[in-house]
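In what follows, a structure is listed as C-alpha cells, so that the remarks can point back to it.
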Amino acid sequence: ILNVEQSPQSLHVQEGDSTNFTCSFPSSNFYALHWYRWETAKSPEALFVMTLNGDEKKKGRISATLNTKEGYSYLYIKGSQPEDSATYLCAPRYTDKLIFGTGTRLQVFP
Amino acid sequence: NAGVTQTPKFQVLKTGQSMTLQCAQDMNHEYMSWYRQDPGMGLRLIHYSVGAGITDQGEVPNGYNVSRSTTEDFPLRLLSAAPSQTSVYFCASSTDRGRRAFFGQGTRLTVV
C-alpha cells in the first residue's frame, strides 16, 4: 500500500494571506506528481503535472515545487482569495497507477 | 465536447443487487480508471485500464469487476452490492501516464 500524506488536513485563512500545503510520498518508482483542485459538488481538476526533472510550476498565484529524491511537494497560494476555497489533492503516479492523498481543505474568509 | 461522462448520477441499491456504472470518454484517451471517494479517505483507486482489452487492479478492487472492450468505455460492475460500497464513484481518463487526468461528474451510490 502506497502512503501519500498531505498536511495540514484543513486550513482557514483570511483573504490576502499566503499559504502552503505539503504532500509527501514514497519516492521510489514514481513517474510524476499531480496536483488537483476540487471544489465542493464538482469534479477534481488538474492544476499541475510535475515530472522527474523537479521543475517548479506556476499558474497565476499558485505555484508548486517538487523534491523527487526525498518524495515531497509543496503547493503555494499567494494572496488567497475566497474563490481559492477548495480541497487540494496531490497524486504521485507509480507506473500506471495514480494514487491520491486525502487532500488539504482550504477555506478563505473575506 | 462531452469529456468524461458517467451514468447514472445517483443510484440506490438493495444489498445483494447487481448493477453497472457507466463511464464513457470522447477524447480518445488510452488510460481510464475508477475511484471511490469516502469521507476522510480521499480518492481510492479501484481498477484501471491502460488500453482496450487491458485492465488491472487498484488499491481496493474487491467486489468490483471491470472490462475495456473499446477505447471509449470503461464500465464498473458491482456483482452483489454491500452497504460498504456506499460511496461516490469517479471515473477518470488521460492520454497516457504522464498527462493530467480528466474526471467525470461522479455517481453517488447508496446500498441499503
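Chains: A, B, ... in order of the C-alpha cells. Residues: from 1 per chain. Ligands: from 1, in order shown.
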inquiry  = At a cut-off of 7 Å, using only C-alpha atoms, what residues contact Thr5 (chain B)? Leave out same-chain residues fewer than 5 positions from it and give the result as a PyMOL selection string.
reply    = chain B and resi 23-25+104
Those same residues, written as a PDB file, in the first residue's frame with N, CA, C and O atoms?
ATOM      1  N   CYS B  23     -19.119   4.560 -17.758  1.00  0.00           N
ATOM      2  CA  CYS B  23     -18.172   5.656 -17.972  1.00  0.00           C
ATOM      3  C   CYS B  23     -17.781   5.660 -19.441  1.00  0.00           C
ATOM      4  O   CYS B  23     -17.377   4.613 -19.980  1.00  0.00           O
ATOM      5  N   ALA B  24     -17.905   6.809 -20.064  1.00  0.00           N
ATOM      6  CA  ALA B  24     -17.519   6.948 -21.469  1.00  0.00           C
ATOM      7  C   ALA B  24     -16.751   8.245 -21.652  1.00  0.00           C
ATOM      8  O   ALA B  24     -17.085   9.260 -21.038  1.00  0.00           O
ATOM      9  N   GLN B  25     -15.712   8.176 -22.495  1.00  0.00           N
ATOM     10  CA  GLN B  25     -14.957   9.400 -22.810  1.00  0.00           C
ATOM     11  C   GLN B  25     -14.811   9.514 -24.326  1.00  0.00           C
ATOM     12  O   GLN B  25     -14.699   8.499 -25.029  1.00  0.00           O
ATOM     13  N   GLY B 104     -14.971  12.448 -14.541  1.00  0.00           N
ATOM     14  CA  GLY B 104     -16.400  12.572 -14.733  1.00  0.00           C
ATOM     15  C   GLY B 104     -17.036  13.268 -13.545  1.00  0.00           C
ATOM     16  O   GLY B 104     -16.358  13.616 -12.571  1.00  0.00           O
TER      17      GLY B 104
END
request  = Residues of chain B near chain A: apply a cut-off of 8 Å, count only C-alpha atoms, and supply the list as a PyMOL selection string.
outcome  = chain B and resi 40-45+48+50+58-59+97-106
inquiry  = When DSSP is applied to the backbone of this structure, which of chain A are assigned strand (DSSP E)? Write them out as number ranges by chain.
reply    = A: 5-7, 10-14, 19-24, 30-38, 45-51, 57-59, 62-67, 72-77, 86-94, 97-98, 104-109
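Within 8 Å of region 67-78 of chain A, once only C-alpha atoms are used and residues closer than 3 positions along the same chain are dropped, the contacting residues are Gly16, Asp17, Ser18, Thr19, Asn20, Phe21, Thr22, Cys23, Ser24, Phe25, Pro26, Ser27, Leu52, Asn53, Gly54, Arg61, Ile62, Ser63 and Ala64 of chain A.
Excluding Ile46 (chain B) itself and same-chain residues fewer than 4 positions from it, the residues having an atom within 9 Å of it are B:Ser33, B:Trp34, B:Tyr35, B:Arg36, B:Gln57, B:Gly58, B:Glu59, B:Val60, B:Pro61, B:Asn62, B:Tyr64, counting only C-alpha atoms.
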key: Residues near Gly63 (chain B), cut-off 9 Å, only C-alpha atoms, skip fewer than 3 positions along chain, as a PyMOL selection string   = chain B and resi 60+77-82+85
query = Hey, what's within 8 Å of Thr110 (chain B) if we count only C-alpha atoms and toss same-chain stuff fewer than 2 positions away? As JSON, numbers by chain, please?
reply = {"B": [11, 12, 13, 83, 85, 86, 87, 108, 112]}
Could the residues in this selection be saved with C-alpha atoms as a JSON list (two decimals), in the first residue's frame?
[["chain", "number", "residue", "atom", "x", "y", "z"],
["B", 11, "GLN", "CA", -28.44, 5.22, -7.57],
["B", 12, "VAL", "CA", -29.94, 3.38, -4.63],
["B", 13, "LEU", "CA", -29.46, -0.38, -4.49],
["B", 83, "PRO", "CA", -23.55, -1.41, 2.31],
["B", 85, "GLN", "CA", -19.90, 0.01, -1.23],
["B", 86, "THR", "CA", -21.95, 3.10, -0.46],
["B", 87, "SER", "CA", -19.74, 5.84, -1.85],
["B", 108, "ARG", "CA", -23.43, 8.73, -5.82],
["B", 112, "VAL", "CA", -29.31, -0.20, 1.76]]
